[in-house]
$ cat final.cif   # mmCIF, C-alpha atoms and all ligand atoms
data_protein
loop_
_atom_site.group_PDB
_atom_site.id
_atom_site.type_symbol
_atom_site.label_atom_id
_atom_site.label_comp_id
_atom_site.auth_asym_id
_atom_site.auth_seq_id
_atom_site.Cartn_x
_atom_site.Cartn_y
_atom_site.Cartn_z
ATOM 1 C CA MET Z 1 2.379 -3.429 -19.876
ATOM 2 C CA HIS Z 2 5.220 -4.564 -22.104
ATOM 3 C CA LEU Z 3 2.697 -5.129 -24.910
ATOM 4 C CA PHE Z 4 1.310 -1.631 -24.564
ATOM 5 C CA HIS Z 5 4.715 0.028 -24.574
ATOM 6 C CA THR Z 6 6.063 -1.976 -27.497
ATOM 7 C CA LEU Z 7 2.980 -2.240 -29.725
ATOM 8 C CA LEU Z 8 0.426 0.469 -28.917
ATOM 9 C CA GLN Z 9 2.521 3.349 -27.643
ATOM 10 C CA PRO Z 10 4.605 3.708 -30.844
ATOM 11 C CA VAL Z 11 1.376 3.901 -32.877
ATOM 12 C CA LEU Z 12 -0.251 6.447 -30.539
ATOM 13 C CA LEU Z 13 2.841 8.643 -30.553
ATOM 14 C CA TYR Z 14 3.800 8.173 -34.206
ATOM 15 C CA GLY Z 15 5.025 11.497 -35.582
ATOM 16 C CA CYS Z 16 4.260 13.302 -32.314
ATOM 17 C CA GLU Z 17 7.517 15.237 -32.705
ATOM 18 C CA MET Z 18 5.551 17.340 -35.191
ATOM 19 C CA TRP Z 19 1.945 17.282 -34.033
ATOM 20 C CA GLY Z 20 2.536 16.827 -30.283
ATOM 21 C CA PRO Z 21 2.895 20.515 -29.386
ATOM 22 C CA PHE Z 22 -0.280 21.414 -31.294
ATOM 23 C CA ILE Z 23 -2.712 18.920 -29.824
ATOM 24 C CA THR Z 24 -1.794 19.387 -26.191
ATOM 25 C CA GLY Z 25 -4.027 22.416 -25.763
ATOM 26 C CA PHE Z 26 -0.873 24.411 -25.328
ATOM 27 C CA SER Z 27 -1.264 26.372 -28.576
ATOM 28 C CA ASN Z 28 -4.582 27.751 -27.334
ATOM 29 C CA GLN Z 29 -4.012 31.466 -26.935
ATOM 30 C CA ASN Z 30 -6.244 31.590 -23.872
ATOM 31 C CA ILE Z 31 -3.975 29.380 -21.823
ATOM 32 C CA ASN Z 32 -1.697 31.764 -20.008
ATOM 33 C CA ASN Z 33 -0.535 29.462 -17.306
ATOM 34 C CA PHE Z 34 1.012 26.250 -18.557
ATOM 35 C CA ALA Z 35 -0.118 24.414 -15.375
ATOM 36 C CA PHE Z 36 1.709 21.230 -16.212
ATOM 37 C CA GLU Z 37 0.230 19.152 -13.409
ATOM 38 C CA ASN Z 38 -3.255 19.865 -14.648
ATOM 39 C CA LYS Z 39 -2.375 18.711 -18.119
ATOM 40 C CA MET Z 40 -1.145 15.307 -17.036
ATOM 41 C CA LEU Z 41 -3.807 12.654 -17.345
ATOM 42 C CA ASN Z 42 -6.121 15.216 -18.852
ATOM 43 C CA TYR Z 43 -7.756 13.535 -21.833
ATOM 44 C CA ASN Z 44 -8.289 16.928 -23.443
ATOM 45 C CA THR Z 45 -4.536 17.407 -23.370
ATOM 46 C CA PHE Z 46 -3.803 14.205 -25.219
ATOM 47 C CA PRO Z 47 -6.623 11.802 -26.175
ATOM 48 C CA GLY Z 48 -4.175 8.845 -26.348
ATOM 49 C CA GLU Z 49 -4.066 9.017 -22.552
ATOM 50 C CA LYS Z 50 -7.586 7.621 -22.461
ATOM 51 C CA LEU Z 51 -6.467 4.436 -24.177
ATOM 52 C CA LEU Z 52 -3.567 4.040 -21.742
ATOM 53 C CA THR Z 53 -5.921 4.447 -18.766
ATOM 54 C CA LYS Z 54 -8.333 1.897 -20.258
ATOM 55 C CA TYR Z 55 -5.465 -0.508 -20.822
ATOM 56 C CA LEU Z 56 -4.273 -0.146 -17.215
ATOM 57 C CA LYS Z 57 -7.778 -0.885 -15.923
ATOM 58 C CA PHE Z 58 -8.076 -3.843 -18.279
ATOM 59 C CA THR Z 59 -4.725 -5.159 -16.996
ATOM 60 C CA LEU Z 60 -5.902 -4.936 -13.392
ATOM 61 C CA GLY Z 61 -9.373 -6.280 -14.220
ATOM 62 C CA VAL Z 62 -11.094 -3.303 -12.572
ATOM 63 C CA HIS Z 63 -14.100 -1.333 -13.806
ATOM 64 C CA SER Z 64 -13.947 1.931 -15.737
ATOM 65 C CA LYS Z 65 -14.928 4.111 -12.755
ATOM 66 C CA THR Z 66 -11.915 2.982 -10.697
ATOM 67 C CA SER Z 67 -9.742 5.856 -9.506
ATOM 68 C CA ASN Z 68 -7.110 6.754 -12.109
ATOM 69 C CA THR Z 69 -4.722 7.709 -9.316
ATOM 70 C CA ALA Z 70 -4.905 4.218 -7.779
ATOM 71 C CA VAL Z 71 -4.543 2.516 -11.147
ATOM 72 C CA PHE Z 72 -1.432 4.500 -12.134
ATOM 73 C CA MET Z 73 0.080 3.934 -8.687
ATOM 74 C CA GLU Z 74 -0.682 0.215 -8.672
ATOM 75 C CA LEU Z 75 1.154 -0.320 -11.952
ATOM 76 C CA ALA Z 76 3.682 2.527 -11.483
ATOM 77 C CA GLN Z 77 2.901 4.029 -14.866
ATOM 78 C CA TYR Z 78 3.419 7.518 -16.266
ATOM 79 C CA PRO Z 79 1.162 9.371 -18.699
ATOM 80 C CA LEU Z 80 2.003 9.253 -22.404
ATOM 81 C CA TYR Z 81 2.321 13.024 -22.295
ATOM 82 C CA ILE Z 82 5.763 12.662 -20.670
ATOM 83 C CA GLN Z 83 6.942 10.352 -23.463
ATOM 84 C CA LEU Z 84 5.513 12.799 -25.996
ATOM 85 C CA ILE Z 85 7.524 15.655 -24.487
ATOM 86 C CA LYS Z 86 10.640 13.473 -24.462
ATOM 87 C CA LEU Z 87 10.268 12.712 -28.179
ATOM 88 C CA VAL Z 88 9.693 16.394 -29.043
ATOM 89 C CA PHE Z 89 12.877 17.355 -27.184
ATOM 90 C CA LYS Z 90 14.853 14.532 -28.773
ATOM 91 C CA TYR Z 91 13.793 15.840 -32.148
ATOM 92 C CA TRP Z 92 14.699 19.420 -31.240
ATOM 93 C CA LEU Z 93 18.196 18.401 -30.091
ATOM 94 C CA SER Z 94 18.838 15.829 -32.799
ATOM 95 C CA PRO Z 95 21.847 16.590 -35.037
ATOM 96 C CA ASP Z 96 19.547 15.963 -37.997
ATOM 97 C CA THR Z 97 17.288 18.849 -37.003
ATOM 98 C CA ILE Z 98 20.193 21.164 -36.252
ATOM 99 C CA ASN Z 99 22.340 20.350 -39.291
ATOM 100 C CA LYS Z 100 19.827 19.906 -42.097
ATOM 101 C CA PRO Z 101 19.449 23.294 -43.841
ATOM 102 C CA LEU Z 102 15.707 22.978 -44.451
ATOM 103 C CA LEU Z 103 14.898 21.969 -40.874
ATOM 104 C CA SER Z 104 17.174 24.540 -39.265
ATOM 105 C CA GLU Z 105 15.588 27.247 -41.456
ATOM 106 C CA ALA Z 106 12.117 26.046 -40.443
ATOM 107 C CA LEU Z 107 13.170 26.225 -36.789
ATOM 108 C CA LYS Z 108 14.421 29.802 -37.266
ATOM 109 C CA GLU Z 109 11.059 30.742 -38.786
ATOM 110 C CA ASP Z 110 9.341 29.072 -35.873
ATOM 111 C CA LYS Z 111 11.370 31.114 -33.403
ATOM 112 C CA LEU Z 112 10.419 34.298 -35.259
ATOM 113 C CA ILE Z 113 6.736 33.424 -34.995
ATOM 114 C CA ASP Z 114 7.240 32.896 -31.262
ATOM 115 C CA GLU Z 115 9.146 36.185 -30.877
ATOM 116 C CA LYS Z 116 6.203 38.010 -32.467
ATOM 117 C CA GLY Z 117 4.049 36.721 -29.646
ATOM 118 C CA ASN Z 118 2.290 33.925 -31.540
ATOM 119 C CA LYS Z 119 2.309 30.321 -30.444
ATOM 120 C CA SER Z 120 4.459 28.021 -32.541
ATOM 121 C CA TRP Z 121 6.156 24.638 -32.312
ATOM 122 C CA PHE Z 122 9.153 26.304 -30.658
ATOM 123 C CA SER Z 123 6.921 28.015 -28.066
ATOM 124 C CA PHE Z 124 6.145 24.549 -26.695
ATOM 125 C CA ILE Z 125 9.853 23.876 -26.114
ATOM 126 C CA LYS Z 126 10.209 27.298 -24.533
ATOM 127 C CA GLU Z 127 7.258 26.899 -22.190
ATOM 128 C CA ILE Z 128 8.364 23.486 -20.981
ATOM 129 C CA LEU Z 129 11.912 24.690 -20.262
ATOM 130 C CA LYS Z 130 10.482 27.757 -18.530
ATOM 131 C CA GLU Z 131 8.188 25.575 -16.441
ATOM 132 C CA LEU Z 132 11.144 23.416 -15.399
ATOM 133 C CA ASN Z 133 13.465 26.384 -14.729
ATOM 134 C CA MET Z 134 15.806 25.278 -17.507
ATOM 135 C CA GLU Z 135 15.530 28.285 -19.775
ATOM 136 C CA GLN Z 136 19.304 28.604 -20.052
ATOM 137 C CA PHE Z 137 19.252 25.840 -22.685
ATOM 138 C CA LEU Z 138 16.974 27.770 -25.017
ATOM 139 C CA ASN Z 139 19.630 29.700 -26.843
ATOM 140 C CA ASN Z 140 22.474 27.238 -26.839
ATOM 141 C CA SER Z 141 20.746 24.094 -28.098
ATOM 142 C CA ASN Z 142 23.051 24.137 -31.169
ATOM 143 C CA ASN Z 143 26.116 23.900 -28.966
ATOM 144 C CA LEU Z 144 25.096 20.814 -27.010
ATOM 145 C CA ASN Z 145 27.065 17.677 -27.812
ATOM 146 C CA ASP Z 146 25.375 14.274 -27.814
ATOM 147 C CA ASN Z 147 26.140 13.605 -24.167
ATOM 148 C CA LEU Z 148 24.823 16.954 -22.992
ATOM 149 C CA ALA Z 149 21.700 16.607 -25.109
ATOM 150 C CA THR Z 150 21.057 13.124 -23.661
ATOM 151 C CA SER Z 151 21.626 14.427 -20.163
ATOM 152 C CA LEU Z 152 19.264 17.383 -20.730
ATOM 153 C CA ILE Z 153 16.507 15.074 -21.989
ATOM 154 C CA HIS Z 154 17.098 12.768 -19.046
ATOM 155 C CA ASP Z 155 16.776 15.702 -16.610
ATOM 156 C CA ILE Z 156 13.575 16.914 -18.259
ATOM 157 C CA VAL Z 157 11.961 13.456 -18.132
ATOM 158 C CA SER Z 158 13.134 12.925 -14.573
ATOM 159 C CA GLN Z 159 11.622 16.252 -13.445
ATOM 160 C CA LEU Z 160 8.350 15.521 -15.226
ATOM 161 C CA LYS Z 161 8.127 12.075 -13.634
ATOM 162 C CA THR Z 162 8.823 13.513 -10.188
ATOM 163 C CA ARG Z 163 6.056 16.053 -10.684
ATOM 164 C CA PHE Z 164 3.643 13.366 -11.807
ATOM 165 C CA ARG Z 165 4.408 11.228 -8.730
ATOM 166 C CA ARG Z 166 3.928 14.319 -6.562
ATOM 167 C CA LYS Z 167 0.567 14.944 -8.212
ATOM 168 C CA LEU Z 168 -0.507 11.355 -7.456
ATOM 169 C CA SER Z 169 0.588 11.675 -3.816
ATOM 170 C CA SER Z 170 -1.302 14.914 -3.504
ATOM 171 C CA ASP Z 171 -4.439 13.324 -5.056
ATOM 172 C CA LEU Z 172 -4.045 10.426 -2.641
ATOM 173 C CA ASN Z 173 -3.751 12.650 0.413
ATOM 174 C CA GLN Z 174 -6.605 14.902 -0.478
ATOM 175 C CA ASN Z 175 -9.842 13.886 1.100
ATOM 176 C CA ASP Z 176 -10.846 11.715 -1.824
ATOM 177 C CA LYS Z 177 -13.487 9.284 -0.608
ATOM 178 C CA LYS Z 178 -12.621 6.861 -3.388
ATOM 179 C CA LEU Z 179 -9.053 6.532 -2.080
ATOM 180 C CA ARG Z 180 -9.830 6.451 1.641
ATOM 181 C CA THR Z 181 -8.651 2.838 2.009
ATOM 182 C CA TYR Z 182 -5.956 2.829 -0.657
ATOM 183 C CA LYS Z 183 -3.927 5.519 1.083
ATOM 184 C CA VAL Z 184 -3.793 3.408 4.249
ATOM 185 C CA PHE Z 185 -1.471 0.831 2.667
ATOM 186 C CA LYS Z 186 -0.037 2.327 -0.528
ATOM 187 C CA TYR Z 187 2.945 4.589 0.107
ATOM 188 C CA ILE Z 188 5.451 3.952 -2.636
ATOM 189 C CA PHE Z 189 5.129 4.483 -6.372
ATOM 190 C CA LYS Z 190 6.159 1.085 -7.706
ATOM 191 C CA THR Z 191 4.565 -1.858 -9.479
ATOM 192 C CA GLU Z 192 2.908 -3.987 -6.850
ATOM 193 C CA PRO Z 193 4.743 -7.340 -6.555
ATOM 194 C CA TYR Z 194 1.450 -9.304 -6.274
ATOM 195 C CA LEU Z 195 0.754 -8.443 -9.926
ATOM 196 C CA ASN Z 196 3.622 -10.718 -10.910
ATOM 197 C CA CYS Z 197 3.542 -13.328 -8.173
ATOM 198 C CA VAL Z 198 -0.201 -14.122 -7.985
ATOM 199 C CA THR Z 199 -0.512 -16.245 -11.102
ATOM 200 C CA ASN Z 200 -4.208 -17.142 -10.780
ATOM 201 C CA LEU Z 201 -5.811 -14.376 -12.861
ATOM 202 C CA LYS Z 202 -9.196 -14.460 -11.091
ATOM 203 C CA HIS Z 203 -7.553 -14.261 -7.664
ATOM 204 C CA ARG Z 204 -5.229 -11.475 -8.810
ATOM 205 C CA ASN Z 205 -8.073 -9.409 -10.315
ATOM 206 C CA SER Z 206 -10.117 -9.801 -7.131
ATOM 207 C CA LEU Z 207 -7.187 -8.511 -5.096
ATOM 208 C CA SER Z 208 -6.777 -5.545 -7.469
ATOM 209 C CA ARG Z 209 -10.497 -4.757 -7.156
ATOM 210 C CA PHE Z 210 -10.330 -4.963 -3.384
ATOM 211 C CA ARG Z 211 -7.243 -2.749 -3.151
ATOM 212 C CA THR Z 212 -8.553 -0.040 -5.499
ATOM 213 C CA SER Z 213 -12.109 -0.070 -4.043
ATOM 214 C CA ALA Z 214 -13.489 -1.301 -7.373
ATOM 215 C CA HIS Z 215 -15.735 -3.718 -5.475
ATOM 216 C CA LYS Z 216 -19.369 -3.969 -4.445
ATOM 217 C CA LEU Z 217 -18.964 -3.718 -0.670
ATOM 218 C CA GLU Z 218 -21.561 -1.417 0.900
ATOM 219 C CA ILE Z 219 -18.945 1.162 1.919
ATOM 220 C CA GLU Z 220 -18.358 1.793 -1.799
ATOM 221 C CA VAL Z 221 -21.802 1.099 -3.271
ATOM 222 C CA GLY Z 222 -23.382 3.289 -0.565
ATOM 223 C CA ARG Z 223 -21.456 6.272 -1.945
ATOM 224 C CA TYR Z 224 -23.308 6.022 -5.237
ATOM 225 C CA LYS Z 225 -26.632 5.646 -3.429
ATOM 226 C CA ASN Z 226 -25.922 8.674 -1.201
ATOM 227 C CA ILE Z 227 -26.196 6.583 1.948
ATOM 228 C CA VAL Z 228 -24.308 8.176 4.838
ATOM 229 C CA LYS Z 229 -21.133 6.297 5.708
ATOM 230 C CA GLU Z 230 -22.406 5.302 9.177
ATOM 231 C CA GLU Z 231 -25.374 3.494 7.608
ATOM 232 C CA ARG Z 232 -23.638 1.443 4.929
ATOM 233 C CA TYR Z 233 -24.404 -1.783 6.783
ATOM 234 C CA CYS Z 234 -23.223 -5.262 5.911
ATOM 235 C CA LYS Z 235 -26.087 -7.227 4.362
ATOM 236 C CA CYS Z 236 -24.386 -10.515 5.243
ATOM 237 C CA CYS Z 237 -24.502 -9.879 8.988
ATOM 238 C CA SER Z 238 -27.785 -10.754 10.672
ATOM 239 C CA ASN Z 239 -28.444 -7.384 12.301
ATOM 240 C CA ASN Z 240 -27.739 -3.992 10.789
ATOM 241 C CA CYS Z 241 -24.937 -2.970 13.081
ATOM 242 C CA HIS Z 242 -21.691 -3.381 11.169
ATOM 243 C CA ILE Z 243 -20.491 -1.110 8.413
ATOM 244 C CA GLU Z 244 -19.338 -3.211 5.504
ATOM 245 C CA ASP Z 245 -15.932 -1.712 4.873
ATOM 246 C CA GLU Z 246 -12.779 -3.504 3.727
ATOM 247 C CA ILE Z 247 -11.605 -4.372 7.266
ATOM 248 C CA HIS Z 248 -14.999 -5.847 8.170
ATOM 249 C CA PHE Z 249 -15.008 -7.931 4.996
ATOM 250 C CA LEU Z 250 -11.431 -9.156 5.328
ATOM 251 C CA LEU Z 251 -11.118 -9.743 9.070
ATOM 252 C CA LYS Z 252 -14.445 -9.633 10.869
ATOM 253 C CA CYS Z 253 -17.605 -10.574 8.972
ATOM 254 C CA PRO Z 254 -18.669 -13.997 10.372
ATOM 255 C CA ILE Z 255 -20.128 -15.219 7.087
ATOM 256 C CA TYR Z 256 -16.591 -15.759 5.763
ATOM 257 C CA ASN Z 257 -15.306 -17.581 8.879
ATOM 258 C CA SER Z 258 -15.050 -20.917 7.063
ATOM 259 C CA LEU Z 259 -12.762 -19.291 4.473
ATOM 260 C CA ARG Z 260 -10.949 -17.016 6.913
ATOM 261 C CA SER Z 261 -9.999 -19.690 9.379
ATOM 262 C CA PRO Z 262 -7.707 -21.732 7.029
ATOM 263 C CA PHE Z 263 -6.412 -18.482 5.551
ATOM 264 C CA ILE Z 264 -5.274 -17.089 8.917
ATOM 265 C CA THR Z 265 -3.982 -20.504 10.069
ATOM 266 C CA SER Z 266 -1.789 -20.767 6.961
ATOM 267 C CA LEU Z 267 -0.480 -17.246 7.544
ATOM 268 C CA LYS Z 268 0.344 -18.060 11.156
ATOM 269 C CA SER Z 269 2.363 -21.093 10.052
ATOM 270 C CA LYS Z 270 4.809 -18.643 8.513
ATOM 271 C CA PHE Z 271 4.290 -15.517 10.642
ATOM 272 C CA VAL Z 272 3.902 -16.648 14.222
ATOM 273 C CA ASN Z 273 3.384 -13.202 15.766
ATOM 274 C CA LEU Z 274 0.257 -12.280 13.848
ATOM 275 C CA ASP Z 275 -1.910 -12.457 16.993
ATOM 276 C CA SER Z 276 -0.111 -9.458 18.432
ATOM 277 C CA LEU Z 277 -1.403 -7.201 15.645
ATOM 278 C CA SER Z 278 -4.597 -5.176 15.951
ATOM 279 C CA ASP Z 279 -7.133 -5.593 13.143
ATOM 280 C CA GLU Z 280 -6.088 -2.257 11.654
ATOM 281 C CA HIS Z 281 -2.400 -3.213 11.684
ATOM 282 C CA LEU Z 282 -3.098 -6.689 10.347
ATOM 283 C CA PHE Z 283 -5.132 -5.147 7.510
ATOM 284 C CA THR Z 284 -2.331 -2.737 6.577
ATOM 285 C CA TRP Z 285 0.267 -5.491 6.892
ATOM 286 C CA LEU Z 286 -1.668 -7.839 4.617
ATOM 287 C CA LEU Z 287 -2.327 -5.230 1.933
ATOM 288 C CA SER Z 288 1.221 -3.903 1.894
ATOM 289 C CA SER Z 289 2.921 -7.296 2.054
ATOM 290 C CA GLU Z 290 5.346 -8.108 -0.756
ATOM 291 C CA ASP Z 291 5.585 -11.746 0.234
ATOM 292 C CA LYS Z 292 4.403 -14.142 -2.475
ATOM 293 C CA PHE Z 293 2.947 -16.671 -0.030
ATOM 294 C CA THR Z 294 0.910 -13.954 1.736
ATOM 295 C CA SER Z 295 -0.269 -12.311 -1.505
ATOM 296 C CA CYS Z 296 -1.426 -15.619 -2.993
ATOM 297 C CA LEU Z 297 -3.359 -16.560 0.169
ATOM 298 C CA LEU Z 298 -4.867 -13.074 0.445
ATOM 299 C CA ALA Z 299 -5.922 -12.993 -3.223
ATOM 300 C CA LYS Z 300 -7.480 -16.470 -2.915
ATOM 301 C CA PHE Z 301 -9.403 -15.520 0.235
ATOM 302 C CA ILE Z 302 -10.711 -12.269 -1.274
ATOM 303 C CA HIS Z 303 -11.788 -13.990 -4.478
ATOM 304 C CA GLU Z 304 -13.608 -16.784 -2.662
ATOM 305 C CA ALA Z 305 -15.184 -14.354 -0.187
ATOM 306 C CA PHE Z 306 -16.412 -12.125 -3.031
ATOM 307 C CA THR Z 307 -17.996 -15.195 -4.636
ATOM 308 C CA LEU Z 308 -19.606 -16.288 -1.359
ATOM 309 C CA ARG Z 309 -20.906 -12.766 -0.771
ATOM 310 C CA GLU Z 310 -22.517 -12.638 -4.223
ATOM 311 C CA SER Z 311 -24.255 -15.978 -3.736
ATOM 312 C CA HIS Z 312 -25.415 -15.025 -0.221
ATOM 313 C CA ILE Z 313 -26.854 -11.659 -1.268
ATOM 314 C CA TYR Z 314 -28.592 -12.998 -4.393
ATOM 315 C CA SER Z 315 -30.057 -15.993 -2.551
ATOM 316 C CA SER Z 316 -31.494 -13.910 0.295
HETATM 317 ZN ZN ZN Y 401 -20.738 -8.632 7.846
#

$ encode --input "final.cif" --output "structure tokens" --more "lines below"
Ligand SMILES: [Zn+2]
Amino acid sequence: MHLFHTLLQPVLLYGCEMWGPFITGFSNQNINNFAFENKMLNYNTFPGEKLLTKYLKFTLGVHSKTSNTAVFMELAQYPLYIQLIKLVFKYWLSPDTINKPLLSEALKEDKLIDEKGNKSWFSFIKEILKELNMEQFLNNSNNLNDNLATSLIHDIVSQLKTRFRRKLSSDLNQNDKKLRTYKVFKYIFKTEPYLNCVTNLKHRNSLSRFRTSAHKLEIEVGRYKNIVKEERYCKCCSNNCHIEDEIHFLLKCPIYNSLRSPFITSLKSKFVNLDSLSDEHLFTWLLSSEDKFTSCLLAKFIHEAFTLRESHIYSS
């Protein structure tokens, strides 16, 4: 992500202090309600967001249809729109903007356009402050010293980030079939430690695919084929009686016993009480573990089991 933020983001947001307010759909006269949450991660709001989303999916090694909510949560990323707003506000409060005669005159003109009921660059500032209940800063921006300006920008960004995280949580808790498994083990908005500690790229990508349901297990593939959930049977089991969901794949399906046995034995060498956990608890524990040893073993098992599954299905 460091590469994206240092190399691509500055290019995508270059000069956005000027053009940002006009491409965000905000200047459209028909939009009466600013509806900030709906604008975040909306590609019509800011097309650069699409590139960020693609980059996140590329980083995780998941396919393009993977849930955006899961991808942003997995890497704890925020939309570019928040950075765009930050840069616009920095420009508005910069001493250069306030003190340079030409710019301060242009800003006055902009305010006049806004007062006449037309959308202008300044209207964007106004709407954001209104949305965040910070309208009191509208008329005294010239009187803010550097520290107050920095603190105001910090508060704005912090509020926007909180609202974005709230939007993700709400998406997660809605009855989204794509996120039915993810919400079982993902509670906190932070970069998942396995992304740094699992160094084998193939293993790490397999774990990302498994976690975000970007896999080919029947529980997911059956959705696209309109097969009812109760009939998304495991093709690796001899009789059609087990639904192939993530728990079945990870802990139960007998075809992976030869891989699962050393995996569980290694885990037990470090965590002796594993037997006391139910399958559901063991599943949640494994997927939410921040332990390097556990993550590496889990990623290896999932990768090898995915490979075995592919070869079994294509050979039968
Ligand atoms: Zn099975």

$ closest_residue --input "final.cif" --among "Z:Tyr78, Z:Tyr194, Z:Phe249, Z:Tyr187" --to "ligand ZN 401 (chain Y)" --atoms "only C-alpha atoms and all ligand atoms"
Z:Phe249

$ closest_residue --input "final.cif" --among "Z:Glu304, Z:Asp245, Z:Asp291, Z:Asp279" --to "ligand ZN 401 (chain Y)" --atoms "all atoms listed in the file"
Z:Asp245

$ atom_distance --input "final.cif" --atom1 "CA of Cys241 in chain Z" --atom2 "CA of Ile227 in chain Z"
14.7 Å

$ atom_distance --input "final.cif" --atom1 "CA of Ile313 in chain Z" --atom2 "CA of Lys235 in chain Z"
7.2 Å

$ atom_distance --input "final.cif" --atom1 "CA of Phe306 in chain Z" --atom2 "CA of Gly222 in chain Z"
17.1 Å

$ resolve_selection --input "final.cif" --expression "the PyMOL selection byres (((chain Z and resi 120) around 9) and not hetatm)" --output "list in words"
Pro21, Phe22, Ser27, Asp110, Lys111, Ile113, Asp114, Asn118, Lys119, Trp121, Phe122, Ser123 and Phe124 of chain Z

$ write_last_selection --input "final.cif" --atoms "C-alpha atoms" --output "PDB file, in the frame of the given file"
ATOM      1  CA  PRO Z  21       2.895  20.515 -29.386  1.00  0.00           C
ATOM      2  CA  PHE Z  22      -0.280  21.414 -31.294  1.00  0.00           C
ATOM      3  CA  SER Z  27      -1.264  26.372 -28.576  1.00  0.00           C
ATOM      4  CA  ASP Z 110       9.341  29.072 -35.873  1.00  0.00           C
ATOM      5  CA  LYS Z 111      11.370  31.114 -33.403  1.00  0.00           C
ATOM      6  CA  ILE Z 113       6.736  33.424 -34.995  1.00  0.00           C
ATOM      7  CA  ASP Z 114       7.240  32.896 -31.262  1.00  0.00           C
ATOM      8  CA  ASN Z 118       2.290  33.925 -31.540  1.00  0.00           C
ATOM      9  CA  LYS Z 119       2.309  30.321 -30.444  1.00  0.00           C
ATOM     10  CA  TRP Z 121       6.156  24.638 -32.312  1.00  0.00           C
ATOM     11  CA  PHE Z 122       9.153  26.304 -30.658  1.00  0.00           C
ATOM     12  CA  SER Z 123       6.921  28.015 -28.066  1.00  0.00           C
ATOM     13  CA  PHE Z 124       6.145  24.549 -26.695  1.00  0.00           C
TER      14      PHE Z 124
END

$ closest_residue --input "final.cif" --among "Z:Asp275, Z:Glu231, Z:Glu218, Z:Glu192" --to "Lys292 in chain Z" --atoms "only C-alpha atoms"
Z:Glu192

$ closest_residue --input "final.cif" --among "Z:Cys234, Z:Leu160, Z:Met18, Z:Leu80" --to "ligand ZN 401 (chain Y)" --atoms "only C-alpha atoms and all ligand atoms"
Z:Cys234

$ resolve_selection --input "final.cif" --expression "the PyMOL selection byres (((chain Z and resi 216) around 12) and not hetatm)" --output "JSON, numbers by chain"
{"Z": [62, 63, 66, 206, 209, 210, 212, 213, 214, 215, 217, 218, 219, 220, 221, 222, 223, 224, 232, 234, 235, 244, 245, 246, 249, 305, 306, 307, 309, 310, 313]}

$ resolve_selection --input "final.cif" --expression "the PyMOL selection byres (((not hetatm)) within 6 of (chain Y and resi 401))" --output "PyMOL selection string"
chain Z and resi 234+236-237+253

$ closest_residue --input "final.cif" --among "Z:Leu277, Z:Leu308, Z:Val157, Z:Val11" --to "Pro79 in chain Z" --atoms "all atoms listed in the file"
Z:Val157

$ residues_around --input "final.cif" --residues "Glu74 in chain Z" --least-positions-apart "4" --cutoff "12 Å" --atoms "all atoms listed in the file" --output "PyMOL selection string"
chain Z and resi 56-57+59-60+62+66-70+78+168+182-183+185-196+207-209+211-212+288

$ residues_around --input "final.cif" --residues "Trp92 in chain Z" --least-positions-apart "6" --cutoff "10 Å" --atoms "only C-alpha atoms" --output "number ranges by chain"
Z: 17, 86, 98, 103-104, 107, 122, 125, 141-142, 149

$ closest_residue --input "final.cif" --among "Z:Phe293, Z:Lys65, Z:Asp171, Z:Gly48" --to "Leu267 in chain Z" --atoms "all atoms listed in the file"
Z:Phe293
